[in-house]
Amino acid sequence: MKDYLHIEEVAKRFGETEVLNGISLTIPKGGFVALLGPSGCGKSTLLKIISGLETETAGRIRLAGEWLAGVPAFRRDIGVVFQSYALFPHLSVAENVRFGLDMRHMGRAEADDRVREALALVKLDGLGDRMPRQLSGGQQQRVAIARALAIRPRLLLLDEPLSNLDAILRKSVRVDLRELHDRVGATTVMVTHDQEEAMSMADKVAVMHDGAIEQWGSPEDIYERPATAFIGTFVGNPPASMVTARRHLSGGWRIGDMAWAPDPALADRLDMVRNLDVTLGLRAERIDLVERDAPGAFPAELTSSEYLGGERLLHFLADGHRVAVAHAGASPEIGQVVGLRPRTADVMLFDINTGLRIDAR
Ligand SMILES: Nc1ncnc2c1ncn2[C@@H]1O[C@H](COP(=O)(O)OP(=O)(O)OP(=O)(O)O)[C@@H](O)[C@H]1O
């Protein structure tokens, strides 16, 4: 079912404040979608509206063929996992997982089976009698997921599910979560502000900004073809560096006050830009370090260097613009001026005024 979850023009206002302005999304059965955006962009509000904990001001939502308007949260068969896990501290692990089943007045034997099945799914078999405080953070998070899965939800909603875990655990749990999603055939919507999490787990990502979806695409689309400069600076580790190039009246280009002669193929692309100024989006792994006056390069001074194991992330200043470069060879000295040559085909061009990407590569 291609439009298993169908969100149509959903808007939300709190008083005068418009938090969501007409969100539309369609998610197939079995899909794993991430809502990615900075704090305050409205992603949690959208999740709450889907789950029935908030009511939309306008628009409508259909799940598995059923319009949800007026259907209370507990009748939607949606499993929700919040950032804080919200386990009941005075209930055992099994009782926590059972909670939604008791709410649905499920018979004891069937509920016992479901609890056992859900705990096995998250690999916590045998820990049903423990209390939440006797579990690690990662285990508690899995109990919260087991509780959401026990009701065999039509939809699984995850709100920043990994944010309470330490960095190492987060990386392994994100693999576990994705595998679990595939194994149980769930359909999942996850909210996160962490681009790495969104890109590594989801089939499709909705990048949200100021209550709207700025781009909807696969992780590759979002990384390779960001629709706006905002997305370029939000996605990627490190994010793309943004550099303003200015057309010089006597021909050629400048970066700040420095003359820059882009290689001919890039110059052709730049020549199609109508404005005087253009924003170049440069990915750290797609810039070569060369002699300062090598063809196609612009000069930049090394200001700091981070060792990342295997390679370094070098931070340069090019006449006021910060540029990050991933580099595996020997590092220049701090303060040294070298040439940075962006790989022509990988340079992203954005409109200086609107931030929209100019050319389709
Ligand atoms: N009940 C409410 N009443 C008034 N304003 C609210 C309410 N809930 C959320 N907001 C506002 O709506 C905006 C979006 O909030 P939301 O929690 O959806 O953002 P978010 O993208 O999930 O951010 P975060 O990652 O920080 O949770 C914020 O400006 C927030 O202050």
# chains A, B, ... in the order shown; residues from 1 in each chain; ligands from 1

call {"tool": "residues_near_ligand", "arguments": {"ligand": "ligand 1", "cutoff": "9 Å", "atoms": "only C-alpha atoms and all ligand atoms", "output": "mmCIF file with N, CA and C atoms, in the first residue's frame"}}
result
data_model
loop_
_atom_site.group_PDB
_atom_site.id
_atom_site.type_symbol
_atom_site.label_atom_id
_atom_site.label_comp_id
_atom_site.auth_asym_id
_atom_site.auth_seq_id
_atom_site.Cartn_x
_atom_site.Cartn_y
_atom_site.Cartn_z
ATOM 1 N N LYS A 12 -0.969 23.571 11.996
ATOM 2 C CA LYS A 12 -1.215 23.689 13.432
ATOM 3 C C LYS A 12 -0.847 25.083 13.894
ATOM 4 N N ARG A 13 -1.732 25.678 14.617
ATOM 5 C CA ARG A 13 -1.484 26.986 15.210
ATOM 6 C C ARG A 13 -1.671 26.874 16.719
ATOM 7 N N PHE A 14 -0.758 27.473 17.464
ATOM 8 C CA PHE A 14 -0.962 27.652 18.904
ATOM 9 C C PHE A 14 -1.213 29.137 19.078
ATOM 10 N N GLY A 15 -2.469 29.540 19.298
ATOM 11 C CA GLY A 15 -2.787 30.965 19.361
ATOM 12 C C GLY A 15 -2.444 31.608 18.035
ATOM 13 N N THR A 17 0.613 31.710 16.818
ATOM 14 C CA THR A 17 1.836 31.124 16.250
ATOM 15 C C THR A 17 1.531 29.952 15.335
ATOM 16 N N GLU A 18 1.957 30.057 14.095
ATOM 17 C CA GLU A 18 1.798 28.956 13.150
ATOM 18 C C GLU A 18 3.004 28.032 13.294
ATOM 19 N N VAL A 19 2.770 26.818 13.756
ATOM 20 C CA VAL A 19 3.864 25.885 14.005
ATOM 21 C C VAL A 19 4.050 24.930 12.832
ATOM 22 N N LEU A 20 2.950 24.571 12.178
ATOM 23 C CA LEU A 20 3.026 23.739 10.963
ATOM 24 C C LEU A 20 2.192 24.435 9.901
ATOM 25 N N LEU A 35 11.671 12.498 10.233
ATOM 26 C CA LEU A 35 11.394 13.932 10.180
ATOM 27 C C LEU A 35 12.603 14.589 10.819
ATOM 28 N N LEU A 36 13.374 15.305 10.003
ATOM 29 C CA LEU A 36 14.651 15.859 10.453
ATOM 30 C C LEU A 36 14.572 17.376 10.438
ATOM 31 N N GLY A 37 15.002 17.998 11.514
ATOM 32 C CA GLY A 37 15.013 19.458 11.495
ATOM 33 C C GLY A 37 15.538 20.003 12.805
ATOM 34 N N PRO A 38 15.885 21.290 12.819
ATOM 35 C CA PRO A 38 16.413 21.887 14.046
ATOM 36 C C PRO A 38 15.318 22.024 15.094
ATOM 37 N N SER A 39 15.750 22.295 16.315
ATOM 38 C CA SER A 39 14.824 22.461 17.422
ATOM 39 C C SER A 39 13.781 23.538 17.086
ATOM 40 N N GLY A 40 12.519 23.226 17.350
ATOM 41 C CA GLY A 40 11.462 24.219 17.171
ATOM 42 C C GLY A 40 10.855 24.258 15.778
ATOM 43 N N CYS A 41 11.262 23.358 14.877
ATOM 44 C CA CYS A 41 10.728 23.412 13.509
ATOM 45 C C CYS A 41 9.347 22.782 13.399
ATOM 46 N N GLY A 42 8.892 22.120 14.460
ATOM 47 C CA GLY A 42 7.529 21.588 14.460
ATOM 48 C C GLY A 42 7.431 20.087 14.302
ATOM 49 N N LYS A 43 8.566 19.383 14.323
ATOM 50 C CA LYS A 43 8.512 17.944 14.035
ATOM 51 C C LYS A 43 7.798 17.151 15.137
ATOM 52 N N SER A 44 8.037 17.503 16.414
ATOM 53 C CA SER A 44 7.335 16.771 17.485
ATOM 54 C C SER A 44 5.841 17.047 17.433
ATOM 55 N N THR A 45 5.484 18.273 17.078
ATOM 56 C CA THR A 45 4.069 18.611 16.979
ATOM 57 C C THR A 45 3.404 17.743 15.907
ATOM 58 N N LEU A 46 4.068 17.539 14.791
ATOM 59 C CA LEU A 46 3.505 16.704 13.731
ATOM 60 C C LEU A 46 3.327 15.265 14.230
ATOM 61 N N LEU A 47 4.321 14.762 14.963
ATOM 62 C CA LEU A 47 4.228 13.405 15.504
ATOM 63 C C LEU A 47 3.045 13.288 16.475
ATOM 64 N N LYS A 48 2.871 14.323 17.304
ATOM 65 C CA LYS A 48 1.760 14.297 18.277
ATOM 66 C C LYS A 48 0.418 14.332 17.562
ATOM 67 N N GLU A 54 -2.267 15.630 19.931
ATOM 68 C CA GLU A 54 -2.573 17.029 19.583
ATOM 69 C C GLU A 54 -3.579 16.978 18.447
ATOM 70 N N ASP A 159 10.050 9.404 18.896
ATOM 71 C CA ASP A 159 10.420 10.810 19.068
ATOM 72 C C ASP A 159 11.798 10.894 19.706
ATOM 73 N N GLU A 160 12.809 11.210 18.931
ATOM 74 C CA GLU A 160 14.198 11.281 19.419
ATOM 75 C C GLU A 160 14.531 10.051 20.263
ATOM 76 N N VAL A 191 11.238 11.065 14.647
ATOM 77 C CA VAL A 191 11.619 12.473 14.719
ATOM 78 C C VAL A 191 13.040 12.566 15.243
ATOM 79 N N THR A 192 13.872 13.342 14.595
ATOM 80 C CA THR A 192 15.226 13.540 15.108
ATOM 81 C C THR A 192 15.797 14.878 14.629
ATOM 82 N N HIS A 193 16.700 15.428 15.438
ATOM 83 C CA HIS A 193 17.406 16.622 14.968
ATOM 84 C C HIS A 193 18.819 16.221 14.527
ATOM 85 N N MET A 208 12.631 19.367 7.744
ATOM 86 C CA MET A 208 11.675 20.408 8.113
ATOM 87 C C MET A 208 12.402 21.670 8.556
ATOM 88 N N HIS A 209 11.791 22.804 8.244
ATOM 89 C CA HIS A 209 12.372 24.096 8.580
ATOM 90 C C HIS A 209 11.206 25.051 8.735
ATOM 91 N N ASP A 210 11.106 25.695 9.887
ATOM 92 C CA ASP A 210 10.031 26.665 10.118
ATOM 93 C C ASP A 210 8.641 26.144 9.761
ATOM 94 N N GLY A 211 8.319 24.959 10.212
ATOM 95 C CA GLY A 211 6.954 24.455 10.047
ATOM 96 C C GLY A 211 6.598 23.957 8.668
#

call {"tool": "residues_around", "arguments": {"residues": "Leu340 in chain A", "least_positions_apart": "2", "cutoff": "6 Å", "atoms": "only C-alpha atoms", "output": "list in words"}}
result
Asp288, Leu289, Ala297 and Phe298 of chain A

call {"tool": "closest_residue", "arguments": {"among": "A:Asp359, A:Glu179, A:Glu110, A:Asp293", "to": "Leu270 in chain A", "atoms": "only C-alpha atoms"}}
result
A:Asp359

call {"tool": "select_by_dssp", "arguments": {"residues": "range 168-352 of chain A", "states": "alpha helix (DSSP H)", "output": "count of residues only"}}
result
44

call {"tool": "residues_around", "arguments": {"residues": "Asn275 in chain A", "least_positions_apart": "2", "cutoff": "12 Å", "atoms": "only C-alpha atoms", "output": "PyMOL selection string"}}
result
chain A and resi 244-248+270-273+277-279+349-354+358

call {"tool": "write_last_selection", "arguments": {"atoms": "N, CA and C atoms", "output": "CSV table (one decimal), in the first residue's frame"}}
result
chain,number,residue,atom,x,y,z
A,244,THR,N,30.8,32.5,-0.7
A,244,THR,CA,30.2,33.4,-1.7
A,244,THR,C,31.3,33.8,-2.7
A,245,ALA,N,30.9,33.5,-4.0
A,245,ALA,CA,31.8,33.9,-5.1
A,245,ALA,C,31.1,35.1,-5.8
A,246,ARG,N,31.9,36.1,-6.1
A,246,ARG,CA,31.4,37.4,-6.8
A,246,ARG,C,32.0,37.5,-8.1
A,247,ARG,N,31.1,37.8,-9.1
A,247,ARG,CA,31.5,38.0,-10.5
A,247,ARG,C,32.3,39.3,-10.6
A,248,HIS,N,33.4,39.3,-11.2
A,248,HIS,CA,34.2,40.5,-11.3
A,248,HIS,C,33.9,41.2,-12.7
A,270,LEU,N,29.1,28.6,-13.6
A,270,LEU,CA,28.9,29.8,-12.9
A,270,LEU,C,28.4,30.9,-13.9
A,271,ASP,N,28.8,30.8,-15.1
A,271,ASP,CA,28.3,31.8,-16.1
A,271,ASP,C,26.8,31.8,-16.3
A,272,MET,N,26.2,30.7,-16.0
A,272,MET,CA,24.8,30.6,-16.2
A,272,MET,C,24.0,31.2,-15.1
A,273,VAL,N,24.7,31.6,-14.0
A,273,VAL,CA,24.1,32.3,-12.9
A,273,VAL,C,23.8,33.7,-13.3
A,277,ASP,N,26.4,37.7,-7.3
A,277,ASP,CA,27.0,36.8,-6.3
A,277,ASP,C,26.3,35.4,-6.4
A,278,VAL,N,27.1,34.4,-6.0
A,278,VAL,CA,26.5,33.0,-6.0
A,278,VAL,C,27.1,32.3,-4.8
A,279,THR,N,26.3,31.5,-4.1
A,279,THR,CA,26.8,30.7,-3.0
A,279,THR,C,27.3,29.4,-3.5
A,349,LEU,N,25.7,24.9,-6.3
A,349,LEU,CA,25.4,26.3,-6.5
A,349,LEU,C,24.1,26.7,-5.9
A,350,PHE,N,24.0,27.7,-5.1
A,350,PHE,CA,22.8,28.2,-4.5
A,350,PHE,C,22.6,29.7,-4.8
A,351,ASP,N,21.3,30.0,-5.0
A,351,ASP,CA,21.0,31.4,-5.2
A,351,ASP,C,21.3,32.2,-3.9
A,352,ILE,N,22.0,33.3,-4.1
A,352,ILE,CA,22.5,34.1,-2.9
A,352,ILE,C,21.3,34.7,-2.1
A,353,ASN,N,20.2,35.0,-2.8
A,353,ASN,CA,19.1,35.6,-2.1
A,353,ASN,C,18.1,34.6,-1.6
A,354,THR,N,17.7,33.6,-2.4
A,354,THR,CA,16.7,32.7,-1.9
A,354,THR,C,17.2,31.4,-1.2
A,358,ILE,N,20.6,26.1,-7.6
A,358,ILE,CA,20.4,26.7,-8.9
A,358,ILE,C,20.4,25.7,-10.0

call {"tool": "closest_residue", "arguments": {"among": "A:Ser84, A:Ser92, A:Gly256, A:Ala150", "to": "Arg116 in chain A", "atoms": "only C-alpha atoms"}}
result
A:Ala150

call {"tool": "closest_residue", "arguments": {"among": "A:Arg147, A:Arg152, A:Gly138, A:Pro132", "to": "Asp77 in chain A", "atoms": "only C-alpha atoms"}}
result
A:Arg152

call {"tool": "closest_residue", "arguments": {"among": "A:Leu158, A:Leu165, A:Met131, A:Ile255", "to": "Ala186 in chain A", "atoms": "only C-alpha atoms"}}
result
A:Leu158

call {"tool": "atom_distance", "arguments": {"atom1": "CA of Leu5 in chain A", "atom2": "CA of Ile61 in chain A"}}
result
7.4 Å

call {"tool": "select_by_dssp", "arguments": {"residues": "range 8-244 of chain A", "states": "strand (DSSP E or B)", "output": "PyMOL selection string"}}
result
chain A and resi 8-14+17-27+32-36+58-63+66-67+78-81+155-159+188-192+204-209+212-217+228+241-244

call {"tool": "atom_distance", "arguments": {"atom1": "CA of Arg142 in chain A", "atom2": "CA of Ser218 in chain A"}}
result
26.8 Å

call {"tool": "decode", "arguments": {"residues": "range 147-166 of chain A", "atoms": "C-alpha atoms", "output": "mmCIF file, in the first residue's frame"}}
result
data_model
loop_
_atom_site.group_PDB
_atom_site.id
_atom_site.type_symbol
_atom_site.label_atom_id
_atom_site.label_comp_id
_atom_site.auth_asym_id
_atom_site.auth_seq_id
_atom_site.Cartn_x
_atom_site.Cartn_y
_atom_site.Cartn_z
ATOM 1 C CA ARG A 147 5.773 -1.706 25.023
ATOM 2 C CA ALA A 148 4.999 0.136 21.779
ATOM 3 C CA LEU A 149 5.309 -3.063 19.694
ATOM 4 C CA ALA A 150 3.247 -5.273 22.045
ATOM 5 C CA ILE A 151 0.001 -3.774 20.797
ATOM 6 C CA ARG A 152 1.078 -4.728 17.244
ATOM 7 C CA PRO A 153 0.661 -1.139 16.164
ATOM 8 C CA ARG A 154 -0.342 -0.120 12.678
ATOM 9 C CA LEU A 155 2.288 2.585 12.941
ATOM 10 C CA LEU A 156 5.350 3.119 15.122
ATOM 11 C CA LEU A 157 6.274 6.685 16.076
ATOM 12 C CA LEU A 158 9.690 7.383 17.577
ATOM 13 C CA ASP A 159 10.420 10.810 19.068
ATOM 14 C CA GLU A 160 14.198 11.281 19.419
ATOM 15 C CA PRO A 161 14.440 7.647 20.559
ATOM 16 C CA LEU A 162 18.223 7.602 20.933
ATOM 17 C CA SER A 163 18.902 10.975 22.480
ATOM 18 C CA ASN A 164 19.240 9.662 26.051
ATOM 19 C CA LEU A 165 21.873 7.104 25.087
ATOM 20 C CA ASP A 166 25.607 7.667 25.081
#
